[in-house]
>>> print(open('final-v2.cif').read())   # mmCIF, C-alpha atoms and all ligand atoms
data_upload
#
loop_
_atom_site.group_PDB
_atom_site.id
_atom_site.type_symbol
_atom_site.label_atom_id
_atom_site.label_comp_id
_atom_site.auth_asym_id
_atom_site.auth_seq_id
_atom_site.Cartn_x
_atom_site.Cartn_y
_atom_site.Cartn_z
ATOM 1 C CA MET U 1 -72.732 217.929 -178.917
ATOM 2 C CA ASP U 2 -72.389 221.480 -180.256
ATOM 3 C CA GLU U 3 -75.821 221.936 -181.864
ATOM 4 C CA GLY U 4 -74.737 225.242 -183.407
ATOM 5 C CA ALA U 5 -72.075 223.453 -185.465
ATOM 6 C CA SER U 6 -72.460 221.598 -188.770
ATOM 7 C CA ARG U 7 -71.294 218.146 -189.682
ATOM 8 C CA LEU U 8 -68.955 218.427 -192.675
ATOM 9 C CA GLU U 9 -68.157 215.896 -195.380
ATOM 10 C CA VAL U 10 -64.909 214.011 -194.752
ATOM 11 C CA ILE U 11 -63.087 213.408 -198.034
ATOM 12 C CA ARG U 12 -61.475 210.040 -198.730
ATOM 13 C CA LEU U 13 -58.184 208.881 -200.169
ATOM 14 C CA GLY U 14 -58.080 209.746 -203.869
ATOM 15 C CA HIS U 15 -59.298 213.328 -203.326
ATOM 16 C CA PRO U 16 -56.323 215.485 -204.375
ATOM 17 C CA VAL U 17 -56.507 217.823 -201.322
ATOM 18 C CA LEU U 18 -55.369 214.919 -199.102
ATOM 19 C CA ARG U 19 -52.063 214.910 -201.017
ATOM 20 C CA GLN U 20 -51.416 218.674 -200.908
ATOM 21 C CA VAL U 21 -49.120 220.506 -198.524
ATOM 22 C CA ALA U 22 -51.534 222.764 -196.622
ATOM 23 C CA GLU U 23 -50.999 226.522 -196.202
ATOM 24 C CA PRO U 24 -50.621 228.251 -192.809
ATOM 25 C CA VAL U 25 -53.821 229.764 -191.407
ATOM 26 C CA PRO U 26 -53.508 233.504 -192.240
ATOM 27 C CA GLU U 27 -52.895 235.908 -189.354
ATOM 28 C CA GLU U 28 -56.160 237.809 -189.933
ATOM 29 C CA TRP U 29 -58.192 234.633 -189.359
ATOM 30 C CA PHE U 30 -57.249 234.384 -185.660
ATOM 31 C CA GLY U 31 -60.058 235.486 -183.374
ATOM 32 C CA SER U 32 -62.432 235.680 -186.352
ATOM 33 C CA GLY U 33 -65.873 234.120 -186.545
ATOM 34 C CA ARG U 34 -64.686 232.254 -189.629
ATOM 35 C CA LEU U 35 -61.958 230.294 -187.804
ATOM 36 C CA ASP U 36 -64.144 229.745 -184.743
ATOM 37 C CA ARG U 37 -66.912 228.359 -186.962
ATOM 38 C CA LEU U 38 -64.523 226.079 -188.874
ATOM 39 C CA VAL U 39 -63.113 224.620 -185.637
ATOM 40 C CA ARG U 40 -66.571 224.062 -184.110
ATOM 41 C CA ASP U 41 -67.732 222.316 -187.282
ATOM 42 C CA MET U 42 -64.562 220.177 -187.355
ATOM 43 C CA ILE U 43 -64.958 219.129 -183.704
ATOM 44 C CA ARG U 44 -68.574 218.124 -184.277
ATOM 45 C CA THR U 45 -67.624 216.252 -187.456
ATOM 46 C CA MET U 46 -64.749 214.437 -185.694
ATOM 47 C CA LEU U 47 -66.888 213.371 -182.727
ATOM 48 C CA GLU U 48 -69.865 212.250 -184.821
ATOM 49 C CA ALA U 49 -67.557 210.226 -187.071
ATOM 50 C CA GLU U 50 -66.056 208.642 -183.921
ATOM 51 C CA GLY U 51 -62.561 209.833 -184.799
ATOM 52 C CA VAL U 52 -59.891 211.039 -182.368
ATOM 53 C CA GLY U 53 -58.497 213.547 -184.851
ATOM 54 C CA LEU U 54 -59.508 215.520 -187.932
ATOM 55 C CA ALA U 55 -57.202 217.683 -190.023
ATOM 56 C CA ALA U 56 -58.574 220.537 -192.150
ATOM 57 C CA PRO U 57 -57.394 218.912 -195.425
ATOM 58 C CA GLN U 58 -59.775 216.018 -194.599
ATOM 59 C CA ILE U 59 -62.710 218.408 -195.063
ATOM 60 C CA ALA U 60 -61.085 219.733 -198.264
ATOM 61 C CA GLU U 61 -59.662 222.870 -196.565
ATOM 62 C CA PRO U 62 -55.915 222.887 -197.316
ATOM 63 C CA LEU U 63 -55.024 224.784 -194.117
ATOM 64 C CA ARG U 64 -52.587 223.949 -191.312
ATOM 65 C CA LEU U 65 -54.918 223.112 -188.449
ATOM 66 C CA PHE U 66 -56.440 220.043 -186.873
ATOM 67 C CA THR U 67 -58.775 219.073 -184.057
ATOM 68 C CA TYR U 68 -58.235 216.094 -181.774
ATOM 69 C CA TRP U 69 -59.006 214.604 -178.393
ATOM 70 C CA VAL U 70 -57.549 211.845 -176.282
ATOM 71 C CA PRO U 71 -59.756 209.542 -174.228
ATOM 72 C CA GLY U 72 -58.806 209.312 -170.546
ATOM 73 C CA THR U 73 -57.455 206.096 -169.033
ATOM 74 C CA ASP U 74 -57.040 204.850 -165.453
ATOM 75 C CA ASP U 75 -53.622 206.566 -165.335
ATOM 76 C CA GLU U 76 -54.118 209.667 -167.524
ATOM 77 C CA PRO U 77 -56.919 212.255 -167.623
ATOM 78 C CA GLY U 78 -56.974 212.533 -171.446
ATOM 79 C CA VAL U 79 -57.399 215.694 -173.548
ATOM 80 C CA GLU U 80 -60.721 217.434 -174.255
ATOM 81 C CA PRO U 81 -61.513 218.205 -177.933
ATOM 82 C CA VAL U 82 -59.295 221.088 -179.019
ATOM 83 C CA ALA U 83 -57.815 222.695 -182.156
ATOM 84 C CA LEU U 84 -54.120 223.261 -182.808
ATOM 85 C CA ILE U 85 -53.390 225.825 -185.509
ATOM 86 C CA ASN U 86 -50.154 226.215 -187.495
ATOM 87 C CA PRO U 87 -48.512 223.489 -185.362
ATOM 88 C CA GLU U 88 -44.813 222.687 -185.244
ATOM 89 C CA ILE U 89 -43.646 219.435 -183.710
ATOM 90 C CA ARG U 90 -40.277 218.141 -182.621
ATOM 91 C CA ALA U 91 -39.602 214.575 -181.496
ATOM 92 C CA THR U 92 -37.735 214.100 -178.227
ATOM 93 C CA GLY U 93 -35.205 211.410 -179.160
ATOM 94 C CA ASP U 94 -34.965 209.006 -182.091
ATOM 95 C CA GLU U 95 -37.028 206.192 -180.635
ATOM 96 C CA LEU U 96 -39.946 204.853 -182.701
ATOM 97 C CA VAL U 97 -42.788 202.706 -181.377
ATOM 98 C CA GLU U 98 -45.258 200.791 -183.561
ATOM 99 C CA GLY U 99 -48.964 201.181 -182.868
ATOM 100 C CA TRP U 100 -52.270 200.672 -184.663
ATOM 101 C CA GLU U 101 -53.820 203.535 -186.599
ATOM 102 C CA GLY U 102 -56.890 204.183 -188.681
ATOM 103 C CA CYS U 103 -58.076 207.276 -190.541
ATOM 104 C CA LEU U 104 -61.499 208.774 -191.290
ATOM 105 C CA SER U 105 -60.265 209.332 -194.882
ATOM 106 C CA ILE U 106 -59.311 205.654 -195.231
ATOM 107 C CA PRO U 107 -62.405 204.106 -193.652
ATOM 108 C CA GLY U 108 -62.426 200.515 -192.458
ATOM 109 C CA LEU U 109 -58.671 199.869 -192.380
ATOM 110 C CA ARG U 110 -56.117 199.572 -189.595
ATOM 111 C CA GLY U 111 -52.336 199.358 -189.891
ATOM 112 C CA LEU U 112 -49.234 199.338 -187.702
ATOM 113 C CA VAL U 113 -47.326 202.633 -187.890
ATOM 114 C CA PRO U 114 -44.025 203.579 -186.217
ATOM 115 C CA ARG U 115 -44.174 206.937 -184.401
ATOM 116 C CA HIS U 116 -42.102 208.897 -181.915
ATOM 117 C CA PRO U 117 -43.415 208.270 -178.376
ATOM 118 C CA ARG U 118 -42.683 211.794 -177.135
ATOM 119 C CA LEU U 119 -43.053 215.197 -178.803
ATOM 120 C CA LYS U 120 -42.767 218.870 -178.097
ATOM 121 C CA VAL U 121 -45.537 220.820 -179.821
ATOM 122 C CA LYS U 122 -45.901 224.531 -180.505
ATOM 123 C CA ALA U 123 -49.077 225.913 -182.045
ATOM 124 C CA ARG U 124 -51.684 228.690 -181.784
ATOM 125 C CA THR U 125 -55.189 228.562 -180.385
ATOM 126 C CA VAL U 126 -58.302 229.755 -182.217
ATOM 127 C CA ASP U 127 -57.774 233.155 -180.545
ATOM 128 C CA GLY U 128 -54.160 233.258 -181.726
ATOM 129 C CA GLN U 129 -52.597 232.551 -178.322
ATOM 130 C CA PRO U 130 -49.334 230.590 -178.541
ATOM 131 C CA VAL U 131 -49.458 227.158 -176.889
ATOM 132 C CA SER U 132 -46.621 224.766 -176.024
ATOM 133 C CA LEU U 133 -47.164 221.235 -174.853
ATOM 134 C CA THR U 134 -45.473 217.885 -174.458
ATOM 135 C CA ALA U 135 -47.304 214.827 -175.783
ATOM 136 C CA ASP U 136 -46.554 211.188 -174.965
ATOM 137 C CA ASP U 137 -47.604 207.812 -176.344
ATOM 138 C CA PHE U 138 -51.126 207.801 -177.866
ATOM 139 C CA HIS U 139 -51.375 211.602 -177.547
ATOM 140 C CA ALA U 140 -48.085 211.928 -179.486
ATOM 141 C CA ARG U 141 -49.294 209.388 -182.066
ATOM 142 C CA VAL U 142 -52.522 211.297 -182.756
ATOM 143 C CA ILE U 143 -50.638 214.579 -183.215
ATOM 144 C CA GLN U 144 -48.073 213.026 -185.607
ATOM 145 C CA HIS U 145 -50.898 211.446 -187.648
ATOM 146 C CA GLU U 146 -52.716 214.799 -187.903
ATOM 147 C CA VAL U 147 -49.598 216.865 -188.680
ATOM 148 C CA ASP U 148 -48.834 214.377 -191.467
ATOM 149 C CA HIS U 149 -52.221 215.251 -193.031
ATOM 150 C CA LEU U 150 -51.053 218.886 -193.212
ATOM 151 C CA ASP U 151 -48.119 217.703 -195.342
ATOM 152 C CA GLY U 152 -50.176 215.473 -197.640
ATOM 153 C CA ILE U 153 -49.048 212.285 -195.894
ATOM 154 C CA VAL U 154 -51.387 209.476 -194.761
ATOM 155 C CA PHE U 155 -50.655 206.637 -192.319
ATOM 156 C CA LEU U 156 -50.280 204.105 -195.142
ATOM 157 C CA ASP U 157 -47.148 206.015 -196.268
ATOM 158 C CA ARG U 158 -45.615 205.579 -192.797
ATOM 159 C CA MET U 159 -46.188 201.842 -192.403
ATOM 160 C CA THR U 160 -42.997 199.787 -192.148
ATOM 161 C CA SER U 161 -44.745 197.045 -194.124
ATOM 162 C CA PRO U 162 -48.235 196.719 -195.635
ATOM 163 C CA ALA U 163 -48.436 193.207 -194.165
ATOM 164 C CA SER U 164 -50.206 194.408 -190.994
ATOM 165 C CA LEU U 165 -53.008 196.126 -192.950
ATOM 166 C CA ALA U 166 -56.386 194.784 -191.821
ATOM 167 C CA PHE U 167 -60.080 195.530 -192.225
ATOM 168 C CA GLU U 168 -61.621 196.818 -189.007
ATOM 169 C CA ALA U 169 -63.913 193.834 -188.394
ATOM 170 C CA GLU U 170 -61.079 191.334 -188.904
ATOM 171 C CA TRP U 171 -58.721 193.534 -186.858
ATOM 172 C CA GLU U 172 -61.160 193.516 -183.941
ATOM 173 C CA ARG U 173 -61.691 189.779 -184.264
ATOM 174 C CA TYR U 174 -58.091 188.619 -184.654
ATOM 175 C CA VAL U 175 -55.738 191.392 -183.475
ATOM 176 C CA LEU U 176 -57.645 193.155 -180.702
ATOM 177 C CA ALA U 177 -58.933 189.871 -179.261
ATOM 178 C CA ALA U 178 -55.369 188.462 -179.247
ATOM 179 C CA ASP U 179 -54.005 191.641 -177.582
ATOM 180 C CA GLU U 180 -56.693 191.447 -174.901
ATOM 181 C CA ALA U 181 -55.872 187.777 -174.295
ATOM 182 C CA ASP U 182 -52.162 188.752 -173.922
ATOM 183 C CA GLU U 183 -53.060 191.482 -171.455
ATOM 184 C CA ALA U 184 -55.179 189.071 -169.452
ATOM 185 C CA ASP U 185 -52.134 186.743 -169.309
ATOM 186 C CA ASP U 186 -49.935 189.645 -168.138
ATOM 187 C CA ASP U 187 -52.312 190.261 -165.257
ATOM 188 C CA ASP U 188 -51.821 186.728 -163.929
HETATM 189 NI NI NI O 1 -56.217 210.535 -190.689
#
>>> encode(input="final-v2.cif", output="structure tokens")
Amino acid sequence: MDEGASRLEVIRLGHPVLRQVAEPVPEEWFGSGRLDRLVRDMIRTMLEAEGVGLAAPQIAEPLRLFTYWVPGTDDEPGVEPVALINPEIRATGDELVEGWEGCLSIPGLRGLVPRHPRLKVKARTVDGQPVSLTADDFHARVIQHEVDHLDGIVFLDRMTSPASLAFEAEWERYVLAADEADEADDDD
């Protein structure tokens, strides 16, 4: 944990900043102590809250940046915590795949959300360096969820139907347990 960073308050649904379209991070902020500090604080806040992503509007800063990370799996190495600033995303193809999402600003709920499984992403680093990357599957899902926050959109708005909405404890008990049972069957 970055002991030099502060844990910030994450605002919840109902706070008007979550519904604003955020402004680009100004050019003069790149490479500044101010942006570096904000990103370090956001990464600490995200990790301590056990989130995989945190967009600046969620800490009441209506700016176009987010932090995220992707846990590694047996097949993929994952992504270390990082910030993407003034991001632009483009889906590769029209395909949409449903997957479960939650949000630190909508605590305790999970819902099924359709997202593009593959994206091209362009953004800047904290130092202002341009970055381009391709994101697939869960990585692509996290980025779409966070970019939505920059446009005042939350995952509830993207759900095909509210019928899948579940509290976390019930989701773990009924949905996750059923998925794990299915996977166990697939292994046979
Ligand atoms: Ni969120």
>>> closest_residue(input="final-v2.cif", among="U:Leu133, U:Val79, U:Ala181, U:Ala55", to="ligand NI 1 (chain O)", atoms="only C-alpha atoms and all ligand atoms")
U:Ala55
>>> resolve_selection(input="final-v2.cif", expression="the PyMOL selection byres (((not hetatm)) within 9 of (chain O and resi 1))", output="short mmCIF file (atom, residue, chain, number, x, y, z; two decimals) with C-alpha atoms, in the frame of the given file")
data_model
loop_
_atom_site.label_atom_id
_atom_site.label_comp_id
_atom_site.auth_asym_id
_atom_site.auth_seq_id
_atom_site.Cartn_x
_atom_site.Cartn_y
_atom_site.Cartn_z
CA GLY U 51 -62.56 209.83 -184.80
CA GLY U 53 -58.50 213.55 -184.85
CA LEU U 54 -59.51 215.52 -187.93
CA ALA U 55 -57.20 217.68 -190.02
CA GLN U 58 -59.78 216.02 -194.60
CA GLU U 101 -53.82 203.54 -186.60
CA GLY U 102 -56.89 204.18 -188.68
CA CYS U 103 -58.08 207.28 -190.54
CA LEU U 104 -61.50 208.77 -191.29
CA SER U 105 -60.26 209.33 -194.88
CA ILE U 106 -59.31 205.65 -195.23
CA VAL U 142 -52.52 211.30 -182.76
CA HIS U 145 -50.90 211.45 -187.65
CA GLU U 146 -52.72 214.80 -187.90
CA ASP U 148 -48.83 214.38 -191.47
CA HIS U 149 -52.22 215.25 -193.03
CA VAL U 154 -51.39 209.48 -194.76
CA PHE U 155 -50.66 206.64 -192.32
#
>>> closest_residue(input="final-v2.cif", among="U:Val113, U:Ile11, U:Ala184, U:Ala56", to="Ala163 of chain U", atoms="all atoms listed in the file")
U:Val113
>>> closest_residue(input="final-v2.cif", among="U:Gly108, U:Gly128, U:Pro77, U:Val82", to="Phe167 of chain U", atoms="all atoms listed in the file")
U:Gly108
>>> resolve_selection(input="final-v2.cif", expression="the PyMOL selection byres (((chain U and resi 44-48) around 10) and not hetatm)", output="number ranges by chain")
U: 1-10, 39-43, 49-55, 59, 67-69, 81, 104
>>> resolve_selection(input="final-v2.cif", expression="the PyMOL selection byres (((chain U and resi 126) around 9) and not hetatm)", output="list in words")
Trp29, Phe30, Gly31, Ser32, Leu35, Asp36, Val39, Ala83, Leu84, Ile85, Arg124, Thr125, Asp127, Gly128 and Gln129 of chain U
>>> residues_around(input="final-v2.cif", residues="Thr160 of chain U", least_positions_apart="5", cutoff="12 Å", atoms="only C-alpha atoms", output="list in words")
Leu96, Val97, Glu98, Gly99, Trp100, Gly111, Leu112, Val113, Pro114, Arg115, Phe155 and Leu165 of chain U
>>> residues_around(input="final-v2.cif", residues="segment 88-90 of chain U", least_positions_apart="3", cutoff="6 Å", atoms="all atoms listed in the file", output="JSON list (two decimals) with C-alpha atoms, in the frame of the given file")
[["chain", "number", "residue", "atom", "x", "y", "z"],
["U", 119, "LEU", "CA", -43.05, 215.20, -178.80],
["U", 120, "LYS", "CA", -42.77, 218.87, -178.10],
["U", 121, "VAL", "CA", -45.54, 220.82, -179.82],
["U", 122, "LYS", "CA", -45.90, 224.53, -180.50]]
>>> axis_aligned_box(input="final-v2.cif", around="segment 82-87 of chain U", padding_each_side="3 Å", output="JSON")
{"center_x": -53.9, "center_y": 223.7, "center_z": -183.3, "size_x": 16.8, "size_y": 11.1, "size_z": 14.5}
>>> residues_near_point(input="final-v2.cif", point="(-55.0, 213.2, -197.5)", cutoff="8 Å", atoms="all atoms listed in the file", output="JSON, numbers by chain")
{"U": [12, 13, 14, 15, 16, 17, 18, 19, 20, 57, 58, 105, 149, 152, 153, 154]}
>>> closest_residue(input="final-v2.cif", among="U:Asp151, U:Glu27, U:Glu180, U:Asp136", to="His116 of chain U", atoms="all atoms listed in the file")
U:Asp136
>>> atom_distance(input="final-v2.cif", atom1="atom CA of Glu23 of chain U", atom2="atom CA of Leu156 of chain U")
22.5 Å
>>> atom_distance(input="final-v2.cif", atom1="atom CA of Arg110 of chain U", atom2="atom CA of Gly72 of chain U")
21.6 Å
>>> atom_distance(input="final-v2.cif", atom1="atom CA of Glu183 of chain U", atom2="atom CA of Glu95 of chain U")
23.6 Å
>>> closest_residue(input="final-v2.cif", among="U:Arg118, U:Asp137, U:Leu150, U:Val131", to="Glu61 of chain U", atoms="only C-alpha atoms")
U:Leu150
>>> closest_residue(input="final-v2.cif", among="U:His139, U:Arg158, U:Arg37, U:Arg173", to="Pro71 of chain U", atoms="only C-alpha atoms")
U:His139
